[in-house]
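Input: a single structure, listed below in structure tokens.
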Amino acid sequence: MTDWAEGDPLEVAPRLLNAVVSHGGVSVRLTEVEAYAGPDDPGSHAFRGETARNAVMFGPPGRFYVYFVYGMHHCANLVTGPAGDPGAVLLRAGEVVAGLDVARARRPGSSDRDLARGPARLCRALGIDLTHNGVRLDVVAGEGPLQTSSGPRVGLRRAAERPWRFWVTGDPTVSTYRPASVRRPAGA
DNA sequence: CTTCGGATTGGCT
DNA sequence: GCCAATCCGAAGA
């Protein structure tokens, strides 16, 4: 991987579309990503400064920032750096293009189309968990004409309206949009 | 120390 | 369409 995947996450994110990420014997062509900036982005884990959890985001580019959510899921980002400037791009969905049988074994019962359709599913298909946080990732730039779209980020309650989600227009492996769920009313 | 809520998913109504 | 699952990081007391 070279500088095409480094720099401002807002610029890197669209370039990541159609790129191929390989890990754990499986390769995925990215069809959907989301950009997360640093201290100025209320939706970013880095918004409140560096902690043990998000430390990788503050490090050099080209590494996985993996986090654990909802008590059962992992999500993976590509840190775009530069060091000290916590930008990252969430890998939201893609198409499995190699290691299909391995990916199927990791997600029994899933259709091929759904193997990496969603950030937690993509992590599962690639065999990514917290032990891979900070690990350098293997990503190869995509080629050819590509039509992309952008829109609001998914699942956030803060700053979701920023159109920092990018996807390959019309691709069937792009996840379905789901607005952030509203929690039960404060009172009772 | 305790409480809150989450960059989601899959199953049930 | 709605909601439980299920653990942890961050914030508040």
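In the structure tokens, the first chain shown is A, the next is B, and so on; residue numbers restart at 1 for each chain, and ligands run from 1 in the order shown.
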Show me a table, sorted first by chain and then by increasing residue number, of the residues of chain A having an atom at most 8 Å from chain C, each with its shortest atom pair and the distance in Å to one decimal, counting only C-alpha atoms (C1' of nucleotides) and written as a Markdown table.
| residue | atom | partner | partner_atom | distance |
| --- | --- | --- | --- | --- |
| A:Arg53 | CA | C:DG9 | C1' | 7.4 |
| A:Phe68 | CA | C:DC8 | C1' | 7.7 |
| A:Val69 | CA | C:DC8 | C1' | 7.8 |
| A:Tyr70 | CA | C:DT6 | C1' | 6.8 |
| A:Gly71 | CA | C:DC7 | C1' | 3.9 |
| A:Met72 | CA | C:DT6 | C1' | 6.4 |
DSSP strand (DSSP E or B) residues within chain A, as a count of residues only: 53
Kindly provide, as a PDB file with C-alpha atoms (C1' of nucleotides), in the first residue's frame, the residues of chain B having any atom no farther than 9 Å from an atom of chain A, counting only C-alpha atoms (C1' of nucleotides).
ATOM      1  C1'  DG B   5     -25.155   3.764  25.340  1.00  0.00           C
ATOM      2  C1'  DG B   6     -23.016   2.012  21.263  1.00  0.00           C
ATOM      3  C1'  DA B   7     -19.730   3.382  13.637  1.00  0.00           C
ATOM      4  C1'  DT B   8     -24.732  -3.897  14.365  1.00  0.00           C
ATOM      5  C1'  DT B   9     -27.032  -7.943  13.333  1.00  0.00           C
TER       6       DT B   9
END
Could you go through stretch 1-150 of chain A and tell me which residues DSSP, when run on the backbone, assigns to alpha helix (DSSP H), listing them as a ChimeraX atom specification? /A:9-16,100-106,119-126
At a cut-off of 12 Å, using only C-alpha atoms (C1' of nucleotides), what residues contact stretch 137-144 of chain A? Leave out same-chain residues fewer than 5 positions from it and give the result as number ranges by chain. A: 1-6, 12-31, 61-66, 76-80, 91, 126, 128, 132, 168
Suppose we keep C-alpha atoms; can you now write the selection as a short mmCIF file (atom, residue, chain, number, x, y, z; two decimals), in the first residue's frame?
data_model
loop_
_atom_site.label_atom_id
_atom_site.label_comp_id
_atom_site.auth_asym_id
_atom_site.auth_seq_id
_atom_site.Cartn_x
_atom_site.Cartn_y
_atom_site.Cartn_z
CA MET A 1 0.00 0.00 0.00
CA THR A 2 1.25 3.46 -0.76
CA ASP A 3 0.24 7.07 -0.38
CA TRP A 4 -2.99 6.74 -2.34
CA ALA A 5 -4.54 5.46 0.89
CA GLU A 6 -3.03 8.09 3.15
CA VAL A 12 -9.07 8.60 0.83
CA ALA A 13 -12.52 7.10 1.40
CA PRO A 14 -13.77 7.30 -2.22
CA ARG A 15 -10.44 6.04 -3.49
CA LEU A 16 -10.83 2.94 -1.35
CA LEU A 17 -13.91 1.90 -3.26
CA ASN A 18 -13.13 -1.06 -5.49
CA ALA A 19 -9.82 -1.59 -3.70
CA VAL A 20 -9.18 -5.13 -2.47
CA VAL A 21 -8.42 -5.87 1.18
CA SER A 22 -6.98 -9.25 2.05
CA HIS A 23 -6.77 -10.84 5.46
CA GLY A 24 -6.98 -14.29 6.95
CA GLY A 25 -7.14 -16.06 3.61
CA VAL A 26 -10.01 -13.97 2.29
CA SER A 27 -10.04 -10.99 -0.09
CA VAL A 28 -12.82 -8.42 -0.26
CA ARG A 29 -13.44 -5.76 -2.91
CA LEU A 30 -14.69 -2.73 -0.99
CA THR A 31 -18.05 -1.36 -2.10
CA PRO A 61 -1.41 5.30 8.44
CA GLY A 62 -1.96 1.95 6.83
CA ARG A 63 -3.03 0.03 9.90
CA PHE A 64 -6.28 -1.49 11.12
CA TYR A 65 -8.18 0.31 13.83
CA VAL A 66 -10.48 -2.43 15.14
CA ALA A 76 -12.47 -2.39 11.09
CA ASN A 77 -11.10 0.93 9.87
CA LEU A 78 -8.13 1.84 7.75
CA VAL A 79 -6.09 4.52 9.54
CA THR A 80 -5.22 7.20 7.01
CA LEU A 91 -14.75 -0.56 5.95
CA LEU A 126 -11.98 -11.58 6.98
CA ILE A 128 -10.69 -9.79 12.02
CA HIS A 132 -5.69 -7.39 14.81
CA VAL A 168 -20.27 1.92 -5.43
#
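Atom pair atom CA of A:Ala93 / atom CA of A:Ala46 has a distance of 22.1 Å (rounded to one decimal).
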Name the residues in contact with A:Gly38 at a cut-off of 10 Å, using only C-alpha atoms (C1' of nucleotides), excluding same-chain residues fewer than 6 positions from it; report them as an MDAnalysis selection string. chainID A and resid 9 44:50 57:58 84:88
Write out the residues from the selection above, keeping all heavy atoms, as a tab-separated table (two decimals), in the first residue's frame.
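result.tsv was written with the following content:
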chain	number	residue	atom	x	y	z
A	9	PRO	N	-9.04	11.62	5.38
A	9	PRO	CA	-9.97	10.50	5.22
A	9	PRO	C	-11.09	10.78	4.23
A	9	PRO	O	-11.58	9.86	3.57
A	9	PRO	CB	-10.51	10.27	6.64
A	9	PRO	CG	-10.17	11.50	7.40
A	9	PRO	CD	-8.94	12.05	6.78
A	44	SER	N	-16.68	10.73	15.45
A	44	SER	CA	-15.47	9.91	15.50
A	44	SER	C	-15.11	9.48	16.91
A	44	SER	O	-15.31	10.23	17.87
A	44	SER	CB	-14.29	10.69	14.90
A	44	SER	OG	-13.08	9.99	15.10
A	45	HIS	N	-14.56	8.30	17.01
A	45	HIS	CA	-14.10	7.83	18.32
A	45	HIS	C	-12.96	8.69	18.84
A	45	HIS	O	-12.65	8.69	20.02
A	45	HIS	CB	-13.63	6.38	18.22
A	45	HIS	CG	-14.75	5.40	18.08
A	45	HIS	ND1	-14.54	4.06	17.83
A	45	HIS	CD2	-16.09	5.57	18.16
A	45	HIS	CE1	-15.71	3.44	17.75
A	45	HIS	NE2	-16.66	4.33	17.94
A	46	ALA	N	-12.34	9.43	17.93
A	46	ALA	CA	-11.21	10.26	18.34
A	46	ALA	C	-11.65	11.65	18.78
A	46	ALA	O	-10.82	12.46	19.18
A	46	ALA	CB	-10.22	10.38	17.17
A	47	PHE	N	-12.94	11.89	18.75
A	47	PHE	CA	-13.47	13.22	19.06
A	47	PHE	C	-13.03	13.71	20.43
A	47	PHE	O	-12.71	14.86	20.62
A	47	PHE	CB	-14.99	13.20	18.96
A	47	PHE	CG	-15.63	14.52	19.26
A	47	PHE	CD1	-15.31	15.66	18.52
A	47	PHE	CD2	-16.57	14.64	20.27
A	47	PHE	CE1	-15.92	16.88	18.78
A	47	PHE	CE2	-17.18	15.85	20.54
A	47	PHE	CZ	-16.85	16.97	19.79
A	48	ARG	N	-13.01	12.84	21.39
A	48	ARG	CA	-12.67	13.25	22.75
A	48	ARG	C	-11.20	13.01	23.10
A	48	ARG	O	-10.85	12.90	24.27
A	48	ARG	CB	-13.56	12.52	23.75
A	48	ARG	CG	-15.02	12.81	23.51
A	48	ARG	CD	-15.91	12.09	24.49
A	48	ARG	NE	-17.31	12.24	24.12
A	48	ARG	CZ	-18.05	13.30	24.47
A	48	ARG	NH1	-17.53	14.28	25.15
A	48	ARG	NH2	-19.32	13.36	24.10
A	49	GLY	N	-10.39	12.91	22.08
A	49	GLY	CA	-8.97	12.76	22.35
A	49	GLY	C	-8.52	11.31	22.40
A	49	GLY	O	-9.32	10.38	22.30
A	50	GLU	N	-7.23	11.13	22.58
A	50	GLU	CA	-6.66	9.79	22.54
A	50	GLU	C	-6.92	9.01	23.82
A	50	GLU	O	-6.79	9.54	24.92
A	50	GLU	CB	-5.15	9.89	22.30
A	50	GLU	CG	-4.49	8.53	22.18
A	50	GLU	CD	-3.02	8.63	21.78
A	50	GLU	OE1	-2.57	9.73	21.41
A	50	GLU	OE2	-2.34	7.59	21.84
A	57	MET	N	-5.70	5.05	16.03
A	57	MET	CA	-6.12	6.12	15.13
A	57	MET	C	-5.14	7.28	15.12
A	57	MET	O	-5.07	8.05	14.16
A	57	MET	CB	-7.50	6.66	15.54
A	57	MET	CG	-8.66	5.78	15.14
A	57	MET	SD	-10.24	6.56	15.52
A	57	MET	CE	-10.41	7.71	14.15
A	58	PHE	N	-4.41	7.42	16.21
A	58	PHE	CA	-3.46	8.53	16.32
A	58	PHE	C	-2.08	8.13	15.82
A	58	PHE	O	-1.16	8.93	15.84
A	58	PHE	CB	-3.36	8.98	17.78
A	58	PHE	CG	-4.60	9.71	18.27
A	58	PHE	CD1	-5.74	8.99	18.62
A	58	PHE	CD2	-4.62	11.09	18.34
A	58	PHE	CE1	-6.88	9.65	19.06
A	58	PHE	CE2	-5.76	11.76	18.78
A	58	PHE	CZ	-6.89	11.03	19.13
A	84	GLY	N	-0.53	11.35	14.60
A	84	GLY	CA	-0.90	12.51	15.39
A	84	GLY	C	-2.20	13.14	14.92
A	84	GLY	O	-2.81	13.93	15.64
A	85	ASP	N	-2.64	12.78	13.72
A	85	ASP	CA	-3.88	13.31	13.16
A	85	ASP	C	-4.83	12.14	12.93
A	85	ASP	O	-4.70	11.41	11.96
A	85	ASP	CB	-3.55	14.02	11.84
A	85	ASP	CG	-4.73	14.86	11.36
A	85	ASP	OD1	-5.81	14.75	11.94
A	85	ASP	OD2	-4.54	15.62	10.39
A	86	PRO	N	-5.79	11.93	13.83
A	86	PRO	CA	-6.59	10.71	13.88
A	86	PRO	C	-7.68	10.54	12.82
A	86	PRO	O	-8.85	10.53	13.14
A	86	PRO	CB	-7.18	10.75	15.27
A	86	PRO	CG	-7.36	12.21	15.54
A	86	PRO	CD	-6.17	12.86	14.90
A	87	GLY	N	-7.32	10.39	11.58
A	87	GLY	CA	-8.31	10.12	10.54
A	87	GLY	C	-8.39	8.63	10.24
A	87	GLY	O	-7.39	7.91	10.33
A	88	ALA	N	-9.59	8.17	9.88
A	88	ALA	CA	-9.75	6.75	9.56
A	88	ALA	C	-10.94	6.55	8.64
A	88	ALA	O	-11.81	7.42	8.54
A	88	ALA	CB	-9.92	5.93	10.83
